[in-house]
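These notes concern the structure reproduced below.
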Amino acid sequence: AQSVAQPEDQVNVAEGNPLTVKCTYSVSGNPYLFWYVQYPNRGLQFLLKYITGDNLVKGSYGFEAEFNKSQTSFHLKKPSALVSDSALYFCAVRARGSQGNLIFGKGTKLSVKP
Amino acid sequence: NAGVTQTPKFQVLKTGQSMTLQCAQDMNHNSMYWYRQDPGMGLRLIYYSASEGTTDKGEVPNGYNVSRLNKREFSLRLESAAPSQTSVYFCASSDGTFLGDTQYFGPGTRLTVL
């Protein structure tokens, strides 16, 4: 069965510092991996995804994520956090070659303080 | 180009009442999805439609029915609402041509069942 874990319910970062939001996954075979962001009272917005190729994926708003197959991780990163990055972040996984659906983690609340 | 739209934005029902949540997309996508979001649980798939004319159960289908009215529209019906169905409901759509395609989300419907 597919599963996604976001081990931190909340991440607190000072503005200007680097940020990392962690995600680990469990699927049979190779995964498709996604990050979404949700601002208060809004729908989910797509940030980036890993399909194949370069393990470092660059996305919207200066975010990037690194696919690490050996550690089954797909951590979201940004070199310099902004207060406006404060939101709820969701990691999601889908197994290749299956009819399984997109499975979401429980979300990590990112709080960036000035 | 509005993307994915949902109506209504908010709804309060009494236990036993019925209602239909509407979703439409203008991206000519083949696949559409209904999710519910509950605090601390991420998003869970209720039903999906891989293409016009097909619908399938997701992770939490009990108490819901869906209709893929045409390629653009996918509705979710609660026949007899229960307090356990209090949640935020999101519709999403994707191209549907491969498992790694991106799902795009609507703004959500916040439903309270008293």
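Naming works like this for the structure tokens: A, B, ... for the chains as they're shown, residue 1 at the start of each chain, ligands 1 onward in shown order.
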
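Within 7 Å of chain B, and counting only C-alpha atoms, chain A contributes Tyr32, Arg42, Gly43, Leu44, Gln45, Ile51, Arg96, Phe104, Gly105, Lys106 and Gly107 of chain A.
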
Would you mind exporting C-alpha atoms of the selected residues as a PDB file, in the first residue's frame?
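Okay, this is what ended up in result-v2.pdb:
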ATOM      1  CA  TYR A  32       5.599  10.182  -8.765  1.00  0.00           C
ATOM      2  CA  ARG A  42      -7.958  28.514  -0.181  1.00  0.00           C
ATOM      3  CA  GLY A  43      -7.603  25.425  -2.331  1.00  0.00           C
ATOM      4  CA  LEU A  44      -4.353  23.568  -2.873  1.00  0.00           C
ATOM      5  CA  GLN A  45      -1.830  25.084  -5.260  1.00  0.00           C
ATOM      6  CA  ILE A  51       8.572  12.468 -12.498  1.00  0.00           C
ATOM      7  CA  ARG A  96       3.970   4.239 -11.304  1.00  0.00           C
ATOM      8  CA  PHE A 104      -1.570  12.890   0.525  1.00  0.00           C
ATOM      9  CA  GLY A 105       0.362  13.365   3.715  1.00  0.00           C
ATOM     10  CA  LYS A 106      -1.317  14.995   6.681  1.00  0.00           C
ATOM     11  CA  GLY A 107       0.305  18.338   6.014  1.00  0.00           C
TER      12      GLY A 107
END

What are the DSSP helix (DSSP H, G or I) residues of chain A, as a PDB file with N, CA, C and O atoms, in the first residue's frame?
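After the write, part08.pdb holds the following:
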ATOM      1  N   SER A  60       7.682  26.468  -8.116  1.00  0.00           N
ATOM      2  CA  SER A  60       7.209  27.839  -8.008  1.00  0.00           C
ATOM      3  C   SER A  60       7.737  28.523  -6.754  1.00  0.00           C
ATOM      4  O   SER A  60       8.062  27.857  -5.766  1.00  0.00           O
ATOM      5  N   TYR A  61       7.776  29.854  -6.800  1.00  0.00           N
ATOM      6  CA  TYR A  61       8.080  30.707  -5.645  1.00  0.00           C
ATOM      7  C   TYR A  61       9.443  30.397  -5.013  1.00  0.00           C
ATOM      8  O   TYR A  61       9.645  30.637  -3.822  1.00  0.00           O
ATOM      9  N   GLY A  62      10.388  29.877  -5.785  1.00  0.00           N
ATOM     10  CA  GLY A  62      11.728  29.625  -5.275  1.00  0.00           C
ATOM     11  C   GLY A  62      11.895  28.322  -4.505  1.00  0.00           C
ATOM     12  O   GLY A  62      12.951  28.061  -3.942  1.00  0.00           O
ATOM     13  N   VAL A  83       7.989  35.674   4.985  1.00  0.00           N
ATOM     14  CA  VAL A  83       6.797  35.603   5.833  1.00  0.00           C
ATOM     15  C   VAL A  83       5.599  35.096   5.012  1.00  0.00           C
ATOM     16  O   VAL A  83       4.760  34.330   5.509  1.00  0.00           O
ATOM     17  N   SER A  84       5.551  35.479   3.766  1.00  0.00           N
ATOM     18  CA  SER A  84       4.439  35.088   2.892  1.00  0.00           C
ATOM     19  C   SER A  84       4.463  33.593   2.542  1.00  0.00           C
ATOM     20  O   SER A  84       3.494  33.091   1.953  1.00  0.00           O
ATOM     21  N   ASP A  85       5.525  32.884   2.889  1.00  0.00           N
ATOM     22  CA  ASP A  85       5.565  31.427   2.691  1.00  0.00           C
ATOM     23  C   ASP A  85       4.772  30.686   3.762  1.00  0.00           C
ATOM     24  O   ASP A  85       4.560  29.477   3.645  1.00  0.00           O
TER      25      ASP A  85
END

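Considering the residues A:Ser70, A:Asn30, A:Lys22, A:Val93 and counting only C-alpha atoms, Gln10 (chain A) has its shortest atom-to-atom contact with A:Lys22.
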
Closest of A:Arg94, A:Ala81, A:Asn41, A:Phe67 to Phe10 (chain B) - atom-to-atom distances counting only C-alpha atoms: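 Between A:Arg94, A:Ala81, A:Asn41, A:Phe67, the residue approaching Phe10 (chain B) most closely is A:Asn41.
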
All residues 10 Å or closer to Gln38 (chain A), only C-alpha atoms, same chain fewer than 6 positions away omitted, as a PyMOL selection string: chain A and resi 44-46+86-90+107+109

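Using only C-alpha atoms, the protein and nucleic acid residues lying no more than 7 Å from region 14-16 of chain A, apart from those fewer than 4 places from it along its own chain, are Ser80, Ala81, Leu82, Val83, Val112, Lys113 and Pro114 of chain A.
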
File of the preceding selection, C-alpha atoms, as a PDB file, in the first residue's frame:
ATOM      1  CA  SER A  80      15.598  32.005   2.178  1.00  0.00           C
ATOM      2  CA  ALA A  81      12.131  31.943   3.766  1.00  0.00           C
ATOM      3  CA  LEU A  82       9.606  34.754   3.439  1.00  0.00           C
ATOM      4  CA  VAL A  83       6.797  35.603   5.833  1.00  0.00           C
ATOM      5  CA  VAL A 112       7.832  32.124   9.073  1.00  0.00           C
ATOM      6  CA  LYS A 113       8.371  34.887  11.602  1.00  0.00           C
ATOM      7  CA  PRO A 114       9.849  38.306  10.774  1.00  0.00           C
TER       8      PRO A 114
END

Polymer residues at most 9 Å from Thr20 (chain B), only C-alpha atoms, same-chain spacing of 5 or more positions, as JSON, numbers by chain: {"B": [66, 75, 76, 77, 78, 79]}

Taking 4 positions as the minimum chain separation for residues in the same chain, which residues sit within 8 Å of Thr20 (chain A) when counting only C-alpha atoms? Answer as a VMD selection string. chain A and resid 75 to 78

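Within 9 Å of Met32 (chain B), once only C-alpha atoms are used and residues closer than 4 positions along the same chain are dropped, the contacting residues are Gln25, Tyr47, Tyr48, Ser49, Ala50, Ser51, Arg68, Lys71, Arg72, Glu73, Phe74, Cys91, Ala92, Ser93, Ser94, Asp95, Gly96 and Gln103 of chain B.
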